[in-house]
Structure formats: C-alpha cells, structure tokens
file data34.txt (compact mmCIF, C-alpha atoms)
# COMPACT_ATOMS: atom_id res chain seq x y z
CA MET A 1 156.78 46.06 -46.85
CA ALA A 2 156.92 42.57 -45.39
CA ARG A 3 155.03 39.33 -46.01
CA LEU A 4 154.91 36.47 -43.56
CA HIS A 5 155.04 32.88 -44.79
CA PHE A 6 152.14 30.66 -43.68
CA TRP A 7 152.21 26.93 -44.48
CA GLN A 8 150.83 23.61 -43.22
CA TRP A 9 150.41 19.94 -44.08
CA ILE A 10 146.96 18.36 -44.02
CA VAL A 11 147.05 14.65 -43.13
CA ASP A 12 144.53 12.04 -42.01
CA ASP A 13 144.37 10.29 -38.64
CA GLU A 14 147.09 7.90 -39.71
CA GLY A 15 149.40 10.66 -40.90
CA ARG A 16 148.85 10.12 -44.60
CA PRO A 17 148.88 13.32 -46.72
CA LEU A 18 145.58 14.48 -48.17
CA LYS A 19 145.70 15.81 -51.72
CA ASN A 20 143.42 18.45 -53.24
CA VAL A 21 142.02 19.62 -49.89
CA ILE A 22 140.35 23.02 -50.28
CA ILE A 23 141.88 25.67 -48.02
CA ARG A 24 140.07 28.81 -46.91
CA PHE A 25 141.61 31.60 -44.84
CA TYR A 26 139.41 34.09 -42.93
CA LEU A 27 139.65 36.95 -40.43
CA ALA A 28 139.02 35.56 -36.95
CA ASP A 29 136.96 38.53 -35.80
CA GLN A 30 134.86 38.78 -38.97
CA LEU A 31 133.24 35.41 -39.54
CA TYR A 32 133.39 34.22 -43.17
CA GLN A 33 135.27 37.37 -44.23
CA GLU A 34 138.17 36.02 -46.29
CA ALA A 35 141.57 37.50 -45.47
CA GLU A 36 143.76 38.99 -48.14
CA ILE A 37 146.78 36.83 -48.96
CA TYR A 38 149.61 36.64 -51.48
CA THR A 39 150.81 33.67 -53.53
CA HIS A 40 154.39 35.00 -53.75
CA PRO A 41 156.71 36.30 -50.99
CA SER A 42 157.28 39.66 -52.73
CA LEU A 43 155.54 39.82 -56.12
CA GLY A 44 151.90 40.07 -57.14
CA ALA A 45 148.78 41.72 -55.76
CA ALA A 46 146.63 40.68 -52.83
CA THR A 47 144.01 38.01 -53.42
CA THR A 48 141.99 35.54 -51.33
CA SER A 49 142.28 31.82 -50.75
CA SER A 50 139.15 31.12 -52.82
CA VAL A 51 140.17 33.32 -55.77
CA ALA A 52 143.68 31.82 -55.74
CA ALA A 53 142.14 28.32 -55.33
CA ILE A 54 144.54 27.32 -52.55
CA THR A 55 144.61 23.50 -52.24
CA THR A 56 147.04 20.91 -50.90
CA ASP A 57 149.54 19.15 -53.17
CA ALA A 58 150.34 15.45 -53.29
CA ASN A 59 152.18 15.77 -49.99
CA GLY A 60 149.23 17.46 -48.29
CA PHE A 61 151.18 20.74 -48.28
CA PHE A 62 149.91 24.27 -48.94
CA GLU A 63 151.39 27.74 -48.50
CA PHE A 64 150.71 31.43 -48.97
CA TRP A 65 151.90 34.77 -47.56
CA VAL A 66 150.16 37.39 -45.43
CA GLY A 67 151.18 41.06 -45.46
CA ASP A 68 151.93 43.05 -42.33
CA GLU A 69 150.89 46.67 -41.72
CA PHE A 70 153.77 47.95 -43.88
CA GLU A 71 152.41 46.22 -46.97
CA ALA A 72 151.12 48.86 -49.38
CA ASN A 73 147.88 46.96 -50.08
CA GLY A 74 146.41 44.00 -48.26
CA GLY A 75 148.37 44.05 -45.03
CA TYR A 76 147.16 43.73 -41.43
CA GLU A 77 148.21 45.06 -38.04
CA ALA A 78 150.16 42.68 -35.83
CA THR A 79 147.18 42.20 -33.50
CA GLN A 80 145.06 40.65 -36.27
CA LYS A 81 144.18 36.96 -35.82
CA PHE A 82 142.91 34.54 -38.47
CA GLN A 83 140.82 31.41 -39.01
CA LEU A 84 141.75 28.48 -41.24
CA THR A 85 139.32 25.88 -42.64
CA TRP A 86 139.91 22.83 -44.84
CA SER A 87 137.42 20.61 -46.64
CA LYS A 88 137.19 17.75 -49.12
CA ALA A 89 134.52 15.32 -50.11
CA GLY A 90 134.64 12.28 -47.84
CA ILE A 91 136.40 13.98 -44.87
CA MET A 92 135.10 16.12 -42.01
CA LEU A 93 135.33 19.90 -42.25
CA GLY A 94 138.31 21.12 -40.21
CA THR A 95 138.69 24.51 -38.52
CA LEU A 96 141.54 26.21 -36.69
CA ASP A 97 140.60 29.55 -35.10
CA ASN A 98 142.44 32.53 -33.56
CA ILE A 99 145.66 31.91 -35.46
CA ASP A 100 148.35 34.43 -34.57
CA ILE A 101 150.93 34.49 -37.37
CA TYR A 102 152.74 37.72 -36.50
CA PRO A 103 155.79 37.94 -34.22
CA THR A 104 155.33 39.10 -30.63
CA LEU A 105 157.42 42.24 -31.21
CA PHE A 106 155.33 45.16 -32.39
CA GLN A 107 156.22 48.33 -34.26
CA VAL A 108 157.12 51.30 -32.10
CA ASP A 109 154.59 54.14 -32.06
CA GLU A 110 156.81 57.19 -31.77
CA THR A 111 153.85 59.50 -31.24
CA ASP A 112 152.83 57.70 -28.03
CA ASN A 113 154.05 59.33 -24.84
CA GLY A 114 150.96 59.02 -22.67
CA SER A 115 149.02 55.80 -23.21
CA SER A 116 148.86 53.05 -20.60
CA SER A 117 150.98 50.83 -22.87
CA LYS A 118 153.73 53.33 -23.69
CA ASP A 119 156.25 51.39 -21.59
CA THR A 120 155.10 47.92 -22.67
CA LYS A 121 158.19 45.87 -23.42
CA ASN A 122 156.86 44.10 -26.50
CA LYS A 123 158.80 46.28 -28.90
CA VAL A 124 162.43 46.70 -29.86
CA ILE A 125 162.33 49.91 -27.83
CA SER A 126 159.49 51.48 -25.86
CA ASN A 127 157.27 54.24 -27.22
CA GLN A 128 158.67 56.50 -24.49
CA LEU A 129 162.20 56.21 -25.88
CA ALA A 130 161.00 56.61 -29.46
CA TYR A 131 158.77 59.58 -28.67
CA ASN A 132 159.35 62.41 -31.15
CA TRP A 133 162.40 60.64 -32.63
CA GLU A 134 161.74 62.13 -36.07
CA LEU A 135 161.83 65.59 -34.48
CA HIS A 136 164.78 65.00 -32.17
CA LYS A 137 167.04 63.43 -34.77
CA SER A 138 167.26 66.76 -36.64
CA LEU A 139 167.91 68.90 -33.55
CA ASN A 140 171.32 70.28 -32.68
CA VAL A 141 173.39 70.06 -29.53
CA PRO A 142 173.73 72.49 -27.80
CA ASP A 143 171.19 74.84 -29.44
CA ASP A 144 168.13 72.59 -29.08
CA ASN A 145 169.17 70.17 -26.30
CA PRO A 146 167.33 67.11 -27.68
CA HIS A 147 166.60 64.49 -25.01
CA ASN A 148 168.22 66.87 -22.47
CA LEU A 149 171.68 66.42 -23.97
CA TYR A 150 173.85 69.44 -23.24
CA PRO A 151 177.26 70.55 -24.48
CA VAL A 152 180.33 69.92 -22.37
CA ASP A 153 181.40 72.81 -20.16
CA ARG A 154 185.14 72.33 -19.73
CA THR A 155 185.20 74.79 -16.85
CA ASP A 156 182.82 72.59 -14.84
CA THR A 157 184.03 69.61 -12.79
CA ASN A 158 180.73 67.75 -12.37
CA THR A 159 180.63 64.11 -13.51
CA THR A 160 177.02 63.96 -14.79
CA LYS A 161 176.97 61.76 -17.91
CA ASN A 162 174.32 63.68 -19.83
CA LYS A 163 176.47 65.50 -22.34
CA LEU A 164 177.93 65.01 -25.81
CA VAL A 165 181.33 66.20 -26.98
CA SER A 166 181.49 68.04 -30.30
CA ASN A 167 184.11 67.35 -32.96
CA ASN A 168 185.36 70.90 -32.40
CA LEU A 169 185.93 70.34 -28.69
CA ILE A 170 187.62 66.99 -29.20
CA ASN A 171 189.82 68.56 -31.87
CA TYR A 172 190.71 71.34 -29.46
CA LEU A 173 191.53 68.92 -26.62
CA PHE A 174 193.58 66.66 -28.90
CA ALA A 175 195.54 69.62 -30.31
CA LEU A 176 196.10 70.88 -26.78
CA ALA A 177 197.39 67.53 -25.58
CA THR A 178 199.69 66.96 -28.54
CA SER A 179 201.05 70.51 -28.73
CA ALA A 180 201.79 70.70 -25.01
CA GLY A 181 204.79 68.41 -25.51
CA THR A 182 206.53 66.79 -22.60
CA VAL A 183 206.11 67.68 -18.95
CA SER A 184 209.19 67.46 -16.79
CA ILE A 185 209.45 67.97 -13.06
CA GLY A 186 212.88 68.95 -11.81
CA ALA A 187 214.25 69.42 -8.35
CA SER A 188 212.67 72.83 -8.22
CA ALA A 189 209.27 71.29 -9.01
CA ALA A 190 209.14 73.45 -12.16
CA THR A 191 206.85 72.43 -15.03
CA GLU A 192 207.97 72.66 -18.65
CA ARG A 193 205.81 72.98 -21.77
CA ASN A 194 207.08 72.86 -25.37
CA PHE A 195 205.20 74.20 -28.41
CA SER A 196 205.80 74.28 -32.17
CA VAL A 197 204.33 77.44 -33.69
CA THR A 198 203.82 77.56 -37.47
CA SER A 199 200.89 79.96 -37.68
CA TRP A 200 200.64 83.52 -36.38
CA THR A 201 197.84 86.11 -36.29
CA ALA A 202 198.42 89.67 -37.45
CA SER A 203 198.05 92.21 -34.61
CA GLY A 204 198.89 95.80 -35.52
CA ASP A 205 202.60 95.99 -36.31
CA TYR A 206 203.22 92.52 -34.89
CA TYR A 207 202.15 88.91 -35.17
CA MET A 208 200.78 87.03 -32.19
CA VAL A 209 199.86 83.57 -30.92
CA ASP A 210 198.15 82.41 -27.71
CA LEU A 211 199.75 79.43 -25.97
CA ASP A 212 197.78 77.51 -23.32
CA HIS A 213 200.46 76.11 -21.00
CA PHE A 214 198.20 75.30 -17.99
CA ILE A 215 201.11 75.67 -15.59
CA GLY A 216 199.07 77.76 -13.21
CA ARG A 217 201.57 80.62 -12.86
CA GLN A 218 200.98 84.18 -13.98
CA TYR A 219 204.51 84.93 -15.26
CA PRO A 220 206.37 81.79 -16.43
CA LEU A 221 209.76 81.89 -18.17
CA VAL A 222 209.52 81.92 -21.98
CA GLN A 223 212.23 80.98 -24.50
CA VAL A 224 211.75 81.25 -28.28
CA ARG A 225 213.93 79.57 -30.95
CA GLU A 226 213.79 79.59 -34.76
CA SER A 227 212.94 76.03 -35.81
CA THR A 228 215.42 75.64 -38.71
CA THR A 229 218.53 77.33 -37.26
CA ASN A 230 217.78 76.84 -33.56
CA TYR A 231 218.85 80.45 -33.02
CA LYS A 232 217.34 82.03 -29.95
CA MET A 233 214.88 84.77 -30.92
CA GLU A 234 213.72 87.67 -28.79
CA PRO A 235 209.94 88.19 -28.93
CA ALA A 236 208.67 91.75 -29.33
CA ARG A 237 206.66 91.33 -26.14
CA ILE A 238 204.98 88.69 -24.00
CA LYS A 239 201.60 89.18 -22.36
CA SER A 240 200.30 86.96 -19.58
CA ILE A 241 196.59 86.48 -20.28
CA ASP A 242 196.03 84.49 -17.06
CA THR A 243 197.76 81.80 -15.01
CA ASP A 244 197.34 79.26 -17.85
CA THR A 245 197.85 81.27 -21.06
CA ILE A 246 200.47 83.64 -22.53
CA ARG A 247 200.25 85.76 -25.68
CA LEU A 248 203.48 85.92 -27.65
CA PHE A 249 204.23 88.80 -30.08
CA VAL A 250 206.97 88.79 -32.78
CA ALA A 251 208.00 91.37 -35.37
CA SER A 252 207.82 88.92 -38.31
CA GLN A 253 206.45 85.44 -38.87
CA PHE A 254 208.68 82.38 -38.62
CA ASN A 255 208.44 78.78 -37.51
CA ALA A 256 209.21 78.80 -33.81
CA GLU A 257 209.91 76.36 -30.99
CA VAL A 258 208.69 77.81 -27.69
CA THR A 259 209.57 76.54 -24.25
CA ILE A 260 207.59 77.72 -21.21
CA VAL A 261 208.79 76.95 -17.68
CA GLY A 262 206.98 77.84 -14.50
call {"tool": "encode", "arguments": {"input": "data34.txt", "output": "structure tokens"}}
result
Amino acid sequence: MARLHFWQWIVDDEGRPLKNVIIRFYLADQLYQEAEIYTHPSLGAATTSSVAAITTDANGFFEFWVGDEFEANGGYEATQKFQLTWSKAGIMLGTLDNIDIYPTLFQVDETDNGSSSKDTKNKVISNQLAYNWELHKSLNVPDDNPHNLYPVDRTDTNTTKNKLVSNNLINYLFALATSAGTVSIGASAATERNFSVTSWTASGDYYMVDLDHFIGRQYPLVQVRESTTNYKMEPARIKSIDTDTIRLFVASQFNAEVTIVG
C-alpha cells in the first residue's frame, strides 16, 4: 500500500494567498467523476474532495493523498491522470487538467513475456527479466535449471559464465585446497602433497581413506606417520585409483600424517 502526497497553494495574480477556496479533484478521463482521495498519509478510508470539504487555509494551502494500485481500496494505476478545479465567490473558476501525480517508474508485470512493451525501460527491471520470477525463485539448480543456470562441471574447462557453484562444491574445493598442504618442487621436479587424516571408513577387515593428490602419476611414493608419536606406520595396502587419487588402507584407525610424492 502506498499513498502519494498532493499539495498546492492557491494565490491571486499578485501572489497573495486565497483562503477558503473550494477544491475539487476529478478523474481526467471521466468528466465530473470525483477521484477517491485520503486525508491522511496512512490512516482512514477513501473519500472525495467534496465529502472531505477540501479547502485552502489562511496561507492558500491545501493537501490530500492519492492511493496507488497497491492501496487496498481507492487506489489507481500509475497511468491514471486527474483534473483539479478551484472556486470561490468573487474569483474566476480555475482548472488544471491531465495531472500526472505518479512517478514515471511502473510496477513490473512478471506475467508479461510477449507484449510490445515487455522491454520498455520504464520499470526497475523489464518484464522480460521478471517473467515467471515467482516460479523460478523456488526452482533448484541443477534439477530445474531456472533461467538456464546449470551446475558447475569440474571436469569441463569451458569458461561460459552461466553456472552457479553449490555450497557443497565450494566446501569440497576449499577442503581440497587446505588439505593438500604445501607443494614443493625439488631438483627432480617431484611434487609433494601432505594430508592430515582423522577420519577413516570401514572396509571389510580394514579402514580406508581416499586422498586426492592431483600429482598426475599412477604410482606415487606414500609415507604414513602417526600424528602424536611421529612413528612411521606401514599401511595394510595402497591402491592407486587413478593418476590423481590413492586409496589408503590401515588395520586400525589412528590420526595420520600422510606424505605423497610423485
């Protein structure tokens, strides 16, 4: 709900204020049809200028409020224009027609995706951009692909900026970056990755963990140490999943520091 403030001063030819001038406010396209107005910016019901007896004060001033299309009762669309008249015994009747009191920015029509004015730039955003917003805002990426937004495919190298990144993927990338530790390049051009392992997954008689080292070698060197004592521990077995990932198996769970060199 919104009400727009309308006010004026009525003065004579010499600029002197005219008191007790009768004000009438009409619809411009419906001659002598009084417009609905309000006498308060937020309270009270709609009335008319004649019922409310709108007149000028000692300073020639008058005011009232007009509701927009969001007003529950008595509001008008932003394209509505008005006519103002003023009268008093001893002065000529005055008229001001086609008064436009609404701002030039109009409400977006989110259902409009085909009219000739759908791209008219007289709104905060165009109808085209707002089209089906109420539907799209509840859709999910990637399942529904609202507005053609697609999930990130981390195996793809294209640079098209039409995707969103989920919290899960960002969490994965951040954990990957922080757990990978330092990268050192020695004279042999070897790459080193360091991991801290505090959680294992049961697998038959063993416990396992997958470590993404991204070294690009199928069989890197692996060293395992117990975190508290720094004793070197022998894993039960090591499986190379691919050139970027190993699967480490141990007989019992412990907090481990793992170094991978390749």
call {"tool": "residues_around", "arguments": {"input": "data34.txt", "residues": "Ala53 of chain A", "least_positions_apart": "3", "cutoff": "10 Å", "atoms": "all atoms listed in the file", "output": "PyMOL selection string"}}
result
chain A and resi 22-24+48-50+56
call {"tool": "residues_around", "arguments": {"input": "data34.txt", "residues": "Trp86 of chain A", "least_positions_apart": "3", "cutoff": "10 Å", "atoms": "all atoms listed in the file", "output": "PyMOL selection string"}}
result
chain A and resi 10+21-25+55-56+91-96
call {"tool": "closest_residue", "arguments": {"input": "data34.txt", "among": "A:Ala58, A:Asn167, A:Ala78, A:Ala202", "to": "Pro103 of chain A", "atoms": "all atoms listed in the file"}}
result
A:Ala78
call {"tool": "closest_residue", "arguments": {"input": "data34.txt", "among": "A:Glu226, A:Asp12, A:Asp68, A:Asp212", "to": "Gln253 of chain A", "atoms": "all atoms listed in the file"}}
result
A:Glu226
call {"tool": "axis_aligned_box", "arguments": {"input": "data34.txt", "around": "segment 109-123 of chain A", "padding_each_side": "3 Å", "output": "AutoDock Vina command-line options"}}
result
--center_x 153.8 --center_y 51.8 --center_z -26.3 --size_x 15.9 --size_y 21.4 --size_z 17.5
call {"tool": "closest_residue", "arguments": {"input": "data34.txt", "among": "A:Leu31, A:Leu149, A:Val224, A:Leu173", "to": "Gln83 of chain A", "atoms": "all atoms listed in the file"}}
result
A:Leu31
call {"tool": "residues_around", "arguments": {"input": "data34.txt", "residues": "Asn255 of chain A", "least_positions_apart": "6", "cutoff": "9 Å", "atoms": "only C-alpha atoms", "output": "VMD selection string"}}
result
chain A and resid 196 to 199 225 to 228
call {"tool": "residues_around", "arguments": {"input": "data34.txt", "residues": "Leu221 of chain A", "least_positions_apart": "3", "cutoff": "12 Å", "atoms": "only C-alpha atoms", "output": "list in words"}}
result
Ala190, Thr191, Glu192, Arg193, Asn194, His213, Ile215, Arg217, Gln218, Val224, Ile238, Lys239, Ser240, Ile246, Val258, Thr259, Ile260, Val261 and Gly262 of chain A
call {"tool": "write_last_selection", "arguments": {"input": "data34.txt", "atoms": "C-alpha atoms", "output": "short mmCIF file (atom, residue, chain, number, x, y, z; two decimals), in the coordinates of the input"}}
result
data_model
loop_
_atom_site.label_atom_id
_atom_site.label_comp_id
_atom_site.auth_asym_id
_atom_site.auth_seq_id
_atom_site.Cartn_x
_atom_site.Cartn_y
_atom_site.Cartn_z
CA ALA A 190 209.14 73.45 -12.16
CA THR A 191 206.85 72.43 -15.03
CA GLU A 192 207.97 72.66 -18.65
CA ARG A 193 205.81 72.98 -21.77
CA ASN A 194 207.08 72.86 -25.37
CA HIS A 213 200.46 76.11 -21.00
CA ILE A 215 201.11 75.67 -15.59
CA ARG A 217 201.57 80.62 -12.86
CA GLN A 218 200.98 84.18 -13.98
CA VAL A 224 211.75 81.25 -28.28
CA ILE A 238 204.98 88.69 -24.00
CA LYS A 239 201.60 89.18 -22.36
CA SER A 240 200.30 86.96 -19.58
CA ILE A 246 200.47 83.64 -22.53
CA VAL A 258 208.69 77.81 -27.69
CA THR A 259 209.57 76.54 -24.25
CA ILE A 260 207.59 77.72 -21.21
CA VAL A 261 208.79 76.95 -17.68
CA GLY A 262 206.98 77.84 -14.50
#
call {"tool": "closest_residue", "arguments": {"input": "data34.txt", "among": "A:Ala130, A:Asp205, A:Asn98, A:Phe82", "to": "Asp112 of chain A", "atoms": "only C-alpha atoms"}}
result
A:Ala130
call {"tool": "closest_residue", "arguments": {"input": "data34.txt", "among": "A:Met233, A:Trp133, A:Leu84, A:Gly75", "to": "Thr47 of chain A", "atoms": "only C-alpha atoms"}}
result
A:Gly75
call {"tool": "atom_distance", "arguments": {"input": "data34.txt", "atom1": "atom CA of Gly15 of chain A", "atom2": "atom CA of Glu63 of chain A"}}
result
18.8 Å
call {"tool": "atom_distance", "arguments": {"input": "data34.txt", "atom1": "atom CA of Leu18 of chain A", "atom2": "atom CA of Trp65 of chain A"}}
result
21.3 Å
call {"tool": "residues_around", "arguments": {"input": "data34.txt", "residues": "Gly74 of chain A", "least_positions_apart": "2", "cutoff": "9 Å", "atoms": "only C-alpha atoms", "output": "ChimeraX atom specification"}}
result
/A:35-38,45-47,66-69,71-72,76
call {"tool": "closest_residue", "arguments": {"input": "data34.txt", "among": "A:Thr229, A:Ala236, A:Ala28, A:Gln128", "to": "Ile101 of chain A", "atoms": "only C-alpha atoms"}}
result
A:Ala28
